[in-house]
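A short worksheet on the structure shown next.
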Amino acid sequence: MTLKQNPDQMRHLRQPVRWTRLGMVAENVVRCFWPLWTILFLILAPLMMGWQDLLPLEVLWALAAIAAIGLGAAIYWGWRRFEMPTVTQALARVDAAMPGRPIAAVADVQAIGANDPASMAVWQAHVARMAERTKSARAVEPDLRIADRDPYGLRFMAVLFFVVALLFGSFMRVASVGDIVTGPSAALASGPVWEGWVEPPAYTGRPTLYLNDIPAGALRVPVGSNVTIRFYGEVGALRLSESVSGEAETSSEPVEGQQQFEIVRSGTLTIDGPGSTLWTVTAIPDQPPSVALTAPITADAMGEMSQAFSASDDYGVESGTATIALDLAAVDRVYGLRRDPDPIPDLVLDLPMPFTGSRAEFDAFLVENLSEHPLANLPVTLQLTVTDAAGQTASTPPEPLVLPGRRFFQPVARAVIEQRRDLMWSRDNARRVGQILRAISHRPEDIFTSETMYLRVRAIIRRIENMAPVGLDDEVQTEIVAALWDLAIQLEDGSLADARERLRRAQERLSEAMRNGASDAEIAELMDELREATNDYMRMLAEQAEPGDGTDQADRSGESMELSMNDLQAMMDRIEELMQEGRMAEAQALMEQLNQMMENMRVTQGEGGDGPPMPGQQSMQDLADTLRDQQGLSDDAFRELQDRANNGDQGQQGQDGDQQGQDGQQGQGGEQGPGQQGEGQGQGTQQSDQGGSGTGNDPRGLAERQQALRQELQRQRDGLPNLPGGAGDTARRSLDRAEGAMDGAEQALRDGNMGRAIDQQADAMDALREGMRELGNALADAQTGQNGEQGEAGGNAVPGQRDPLGRQAGNTGQMGTDQNLLGGEDTNRRAAELLDEIRRRSAEQDRPEVERDYLRRLLGQF
């Protein structure tokens, strides 16, 4: 069917068919000629970037021939495959886009039933309906996708090159191709001409120089610059002479086309002929980089080292490395280091480079933690090396030092780390390491705080003894070394039994740091640990101290010295200040005084001495007992729930269940803390036995016990002392919440809902713990406030009382002294004299450097 058939009915189809046909033409053009415009973009991109001005003439002609062949092949390939679509094809596409192909239906002829009027009527109705449907015909969009013909996306690559050329190049540079082929017409008319460029190395960041714009005379360019000279016009009319390329000076013979060379030394560059020019070229050499260590290496207690260095280069440092090698001659060859070491490769680290800014000159820090490396804590040499873009290198002299590693203060952990070092030093030390570890673990009860640590040591010993006779390979050595490191970390930083042990360890670590001359970073870290341990220890004393008369009233009988947390903090701040000033002897003496004070505080309060108890401590003890009783009741409820799950089976499974319940009770009782574990288990078991003698684990008996606990908690809450501050109110609210949870647990037990009862009991225990914690904080705040009020209202100092630093109390009752230390002199004049004396002493070169450094820090405060 065509549009000429039944033109009245098909008039509305002309426009859709025309646009569809144009789309089909575009489809055929794209599918047949996409290689043509791909090659065109690939040709235009380098021309717009000016490659024709840089490439030799021979290469340019060869590329031009390849481009011409490619264009011709693309045109021929596309022309052979291109077909002009007809109107019939366009009409068929429009028809195929509509449902039921109505255009073809209108052009059809009835095949049967032409003589039947009824059949004719049906056919005419069908044709009329299809003709009406043709009025909704629309042009069909062309399909311009050619991914099946270009699976590698070559057309997109060509477009990308063309877009880059548009951004960084120019269409005007394409016209220079004609000048290369024919030469500039104006130049040919006036005589031979030349062009020249000097392109410095890219890493220098300097721009390209156009020699035609540079007058004759001095010319300074970096070494390695590339010179390009082009001649146009009569051959031989212009001649080039140069002595900068490192070869013998060229003779003044005619040259043709283009010449390139690299500047490697100073010399002359001459172009002889019409308009001759001479440049005196000075080649600027690329200076080698430099690197230096600017400060001694430092490290913190965790082994993270920091090495300051500086580097510089005239055009910028490209990269750098730090090489750490074993200094075998400086190693003290004793014990496990007596054997010859296994080969230990040098450790090479990349130096940090600035991400932004110039690399011509910069200061940086090499920060690494090499505590687990075989060279840790051994004498090594450190050598830094930097490289610039030209490949030149510079290195520092090998610096002897001890490679920092993590410091271990716990004796057993330090011994384990030493054996780990010996095993990494030589595999032949395996038998010796196993024997020493066996000796260390001979009496585990005196060394290890947990059975897990002891079992880990025994497993490592068995592994070493099994492999030592046949020799350790790399995999086994790495495995044992990692296990020893984990063991030492657990021994050093493992969970402590109580706050008292943690405080003792913090004091020992700080004392050892004083003896060994720790750095400022280590001092700050250890002082923070001491402060935290002291706070935990004081909190433990507040929770565990018991008054002698069983009341909440403090016993003020006898004479004692009271210390607040502010006094202890001031004392520790003074210790840290003395250590930073280098006055280790005074810091050590003050540290011993602090240890003695903490020990006395432990005797009088922590172990039931004659010291005055804090208000509210009886309430703390009563709440602790209630918490233990609630824990035991929860354990009994859990066992009752287990018995129900077993459906009353009293055989071996029931016995196992009881045993598991007892084990669970012991494990949960351990949550009370090391100091309360045995007592909590004993009371819980006793209470369980009492319940068993009466009602057993019957829910009604459990409910009655829960009711008794709730009433006891209510009595304790009503008897709490009046404590000011938000901590006291928070403690009361937590105890109210615990009482409500106990009430819910009691009701659940009476209903026989054991699961809900256990949940409510868990909420009650959480609320009790929170209430005890807040009550302890409130008691500590109240004690601090009482100390402050007594200091203000006392009026007179207690005879013989001294402050934590050993100073006599003043007449006003305040710690310190009320004596006139200036002796009645003018304060400002005396301060000026002291400042002048400090300046004079700090300028004396014969004084020790430690003292001068301290004096300079004093001057820095003014």
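To be explicit about the labels: the chains of the structure tokens are called A, B, and onward in the order shown, and within each one the residues are counted from 1, while ligands get numbers from 1 in the order they are shown.
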
Selection near A:Leu55, 10 Å with only C-alpha atoms, sequence-local residues under 6 positions removed, as a VMD selection string
chain A and resid 61 228 258

Using only C-alpha atoms, which residues sit within 9 Å of A:Gln259 once same-chain residues fewer than 6 positions away are excluded, as a PDB file with all heavy atoms, in the first residue's frame?
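The result, stored in part00.pdb:
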```pdb
ATOM      1  N   PRO A  56      58.442  15.681  13.764  1.00  0.00           N
ATOM      2  CA  PRO A  56      59.281  15.843  12.571  1.00  0.00           C
ATOM      3  C   PRO A  56      58.428  15.781  11.296  1.00  0.00           C
ATOM      4  O   PRO A  56      57.358  15.172  11.264  1.00  0.00           O
ATOM      5  CB  PRO A  56      60.255  14.656  12.648  1.00  0.00           C
ATOM      6  CG  PRO A  56      60.238  14.249  14.089  1.00  0.00           C
ATOM      7  CD  PRO A  56      58.876  14.554  14.598  1.00  0.00           C
ATOM      8  N   VAL A 227      65.204  21.976  22.656  1.00  0.00           N
ATOM      9  CA  VAL A 227      65.179  23.081  21.692  1.00  0.00           C
ATOM     10  C   VAL A 227      64.711  22.541  20.347  1.00  0.00           C
ATOM     11  O   VAL A 227      65.209  21.507  19.873  1.00  0.00           O
ATOM     12  CB  VAL A 227      66.571  23.737  21.556  1.00  0.00           C
ATOM     13  CG1 VAL A 227      66.523  24.889  20.543  1.00  0.00           C
ATOM     14  CG2 VAL A 227      67.059  24.238  22.903  1.00  0.00           C
ATOM     15  N   THR A 228      63.746  23.236  19.734  1.00  0.00           N
ATOM     16  CA  THR A 228      63.235  22.872  18.412  1.00  0.00           C
ATOM     17  C   THR A 228      63.382  24.090  17.493  1.00  0.00           C
ATOM     18  O   THR A 228      62.880  25.177  17.820  1.00  0.00           O
ATOM     19  CB  THR A 228      61.770  22.453  18.483  1.00  0.00           C
ATOM     20  OG1 THR A 228      61.636  21.348  19.378  1.00  0.00           O
ATOM     21  CG2 THR A 228      61.261  22.047  17.106  1.00  0.00           C
ATOM     22  N   ILE A 229      64.061  23.918  16.350  1.00  0.00           N
ATOM     23  CA  ILE A 229      64.262  24.989  15.373  1.00  0.00           C
ATOM     24  C   ILE A 229      63.703  24.521  14.034  1.00  0.00           C
ATOM     25  O   ILE A 229      64.014  23.409  13.583  1.00  0.00           O
ATOM     26  CB  ILE A 229      65.748  25.347  15.206  1.00  0.00           C
ATOM     27  CG1 ILE A 229      66.354  25.736  16.557  1.00  0.00           C
ATOM     28  CG2 ILE A 229      65.917  26.482  14.208  1.00  0.00           C
ATOM     29  CD1 ILE A 229      65.814  27.016  17.130  1.00  0.00           C
ATOM     30  N   ARG A 230      62.879  25.356  13.393  1.00  0.00           N
ATOM     31  CA  ARG A 230      62.326  25.057  12.071  1.00  0.00           C
ATOM     32  C   ARG A 230      62.716  26.163  11.097  1.00  0.00           C
ATOM     33  O   ARG A 230      62.703  27.348  11.447  1.00  0.00           O
ATOM     34  CB  ARG A 230      60.804  24.946  12.138  1.00  0.00           C
ATOM     35  CG  ARG A 230      60.314  23.705  12.851  1.00  0.00           C
ATOM     36  CD  ARG A 230      58.815  23.650  12.869  1.00  0.00           C
ATOM     37  NE  ARG A 230      58.324  22.449  13.553  1.00  0.00           N
ATOM     38  CZ  ARG A 230      57.063  22.235  13.878  1.00  0.00           C
ATOM     39  NH1 ARG A 230      56.149  23.157  13.585  1.00  0.00           N
ATOM     40  NH2 ARG A 230      56.703  21.130  14.490  1.00  0.00           N
ATOM     41  N   PHE A 231      63.046  25.731   9.853  1.00  0.00           N
ATOM     42  CA  PHE A 231      63.448  26.660   8.806  1.00  0.00           C
ATOM     43  C   PHE A 231      62.442  26.569   7.667  1.00  0.00           C
ATOM     44  O   PHE A 231      62.032  25.473   7.278  1.00  0.00           O
ATOM     45  CB  PHE A 231      64.851  26.319   8.295  1.00  0.00           C
ATOM     46  CG  PHE A 231      65.916  26.460   9.342  1.00  0.00           C
ATOM     47  CD1 PHE A 231      66.344  25.369  10.079  1.00  0.00           C
ATOM     48  CD2 PHE A 231      66.477  27.695   9.589  1.00  0.00           C
ATOM     49  CE1 PHE A 231      67.319  25.503  11.037  1.00  0.00           C
ATOM     50  CE2 PHE A 231      67.471  27.834  10.553  1.00  0.00           C
ATOM     51  CZ  PHE A 231      67.897  26.737  11.279  1.00  0.00           C
TER      52      PHE A 231
END
```

A:Ala90 environment, 8 Å, only C-alpha atoms, sequence neighbours closer than 5 positions dropped, as a PyMOL selection string
chain A and resi 17-18+20-21+24+85

So, counting only C-alpha atoms, which residue among A:Pro469, A:Gly776, A:Pro400, A:Gly744 is closest to A:Asp327?
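When distances to A:Asp327 are compared using only C-alpha atoms, the smallest one comes from A:Pro400.
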
Just the number, please: distance in Å from atom CA of A:Leu855 to atom CA of A:Ser842, one decimal.
5.7 Å

Pick out the residues sitting within 10 Å of A:Arg717, and hand them over as a VMD selection string; count only C-alpha atoms, and ignore anything fewer than 5 positions along from it in its own chain.
chain A and resid 619 623 711 to 712 731 to 733 735 to 736 739

Coordinates-based distance that separates atom CA of A:Glu532 from atom CA of A:Gln621 (Å, one decimal):
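Those two atoms sit 24.2 Å apart.
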